[in-house]
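Here the structure is laid out as structure tokens; the discussion comes afterwards.
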Amino acid sequence: MLKILIGKKGTGKTKTLIENVNNTVSEAEGNVVFISNDTSRHIYDIKHNVRMVDTSEFDIDNYDEFYGFVCGIVSGNFDITNIFVDSLFKIVNDSLVDFELFLNNIEKLSEKFNISFLFTLSIDEAAAPEYIKKYV
């Protein structure tokens with residue numbers, strides 16, 4: 001399953017994402033992963049048994065690199081049930097180029113390994129392409 005929280009900057013997407021992370025980890029039968037470009041901001045907001053991954057420690061510039069990064073996380077732990085990604089555009093340098101292909105690849109990964117993904121994107125819902133809106 002793949003879902004996306006979209007909205008303009010400052011609309012509470014991260015707060016909603018963190019609530020989802022904390023609610024999910026209480027019920028999850030596997031491991032929960034939180035990926036952000038600055039996990040230190042949320043270290044006290046997210047429950048301690050969530051695996052936090054900070055992408056700022058790696059040189060990730062595009063969707064192919066980020067997809068490979070996510071595949072590496074999944075291959076290292078087959079017990080992952082949920083992956084939450086905050087501010088995806090900050091991780092991949094704020095671009096919609098190749099984003100549709102990335103979503104298709106993530107959807108296949110989700111189905112193959114039975115992992116639920118939830119992303120936040122800073123984009124106006126009215127301006128979002130249809131291929132994004134189907135995951136909102």
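Chains: A, B, ... in order of the structure tokens. Residues: from 1 per chain. Ligands: from 1, in order shown.
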
Residue contacts of range 120-128 of chain A (12 Å, only C-alpha atoms) excluding same-chain residues fewer than 3 positions away, as a PyMOL selection string: chain A and resi 2-18+20+34-36+83-96+99-100+117+131-136

So that I can see what lies close to Val25 in chain A, please list as a compact mmCIF listing (two decimals) with N, CA, C and O atoms, in the first residue's frame the residues with an atom at most 9 Å from it, counting only C-alpha atoms and leaving out residues fewer than 5 positions away in the same chain.
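That gives us result07.txt:
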# COMPACT_ATOMS: atom_id res chain seq x y z
N ASN A 20 0.89 9.01 12.73
CA ASN A 20 0.74 7.72 12.05
C ASN A 20 1.86 6.76 12.43
O ASN A 20 1.62 5.57 12.63
N GLY A 30 5.73 -6.12 12.60
CA GLY A 30 7.11 -6.09 12.13
C GLY A 30 7.75 -4.78 12.50
O GLY A 30 7.28 -4.07 13.40
N ASN A 31 8.81 -4.45 11.81
CA ASN A 31 9.54 -3.23 12.09
C ASN A 31 8.99 -2.03 11.32
O ASN A 31 8.53 -2.16 10.19
N VAL A 32 9.08 -0.87 11.95
CA VAL A 32 8.62 0.38 11.37
C VAL A 32 9.85 1.28 11.17
O VAL A 32 10.68 1.42 12.06
N LYS A 47 8.39 7.31 18.83
CA LYS A 47 8.66 6.25 19.81
C LYS A 47 10.01 5.59 19.55
O LYS A 47 10.44 5.45 18.40
N ASN A 49 11.15 2.59 19.54
CA ASN A 49 11.29 1.34 18.80
C ASN A 49 11.07 1.51 17.29
O ASN A 49 11.01 0.53 16.56
N VAL A 50 11.02 2.73 16.81
CA VAL A 50 10.96 3.01 15.38
C VAL A 50 12.41 3.19 14.89
O VAL A 50 13.19 3.90 15.51
N ASN A 82 6.27 -1.28 7.64
CA ASN A 82 5.88 0.10 7.33
C ASN A 82 7.10 0.97 7.16
O ASN A 82 8.03 0.90 7.96

Do you have the CA of Tyr67 in chain A-CA of Tyr44 in chain A distance handy? 27.2 Å

Just list as a PyMOL selection string whatever in chain A DSSP marks as alpha helix (DSSP H). chain A and resi 13-27+63-76+88-91+99-113+130-133

Mind the document's chain letters and residue numbers, and return as number ranges by chain the residues of chain A that DSSP labels strand (DSSP E or B). A: 2-7, 31-36, 51-54, 80-85, 116-122

Mind pulling up the distance from CA of Glu107 in chain A to CA of Ser56 in chain A? 24.2 Å

Mind checking which residues fall within 10 Å of Phe66 in chain A, counting only C-alpha atoms, ignoring those fewer than 3 positions away in the same chain, and posting them as a PyMOL selection string? chain A and resi 55+58-63+69-72+88+91-92+102
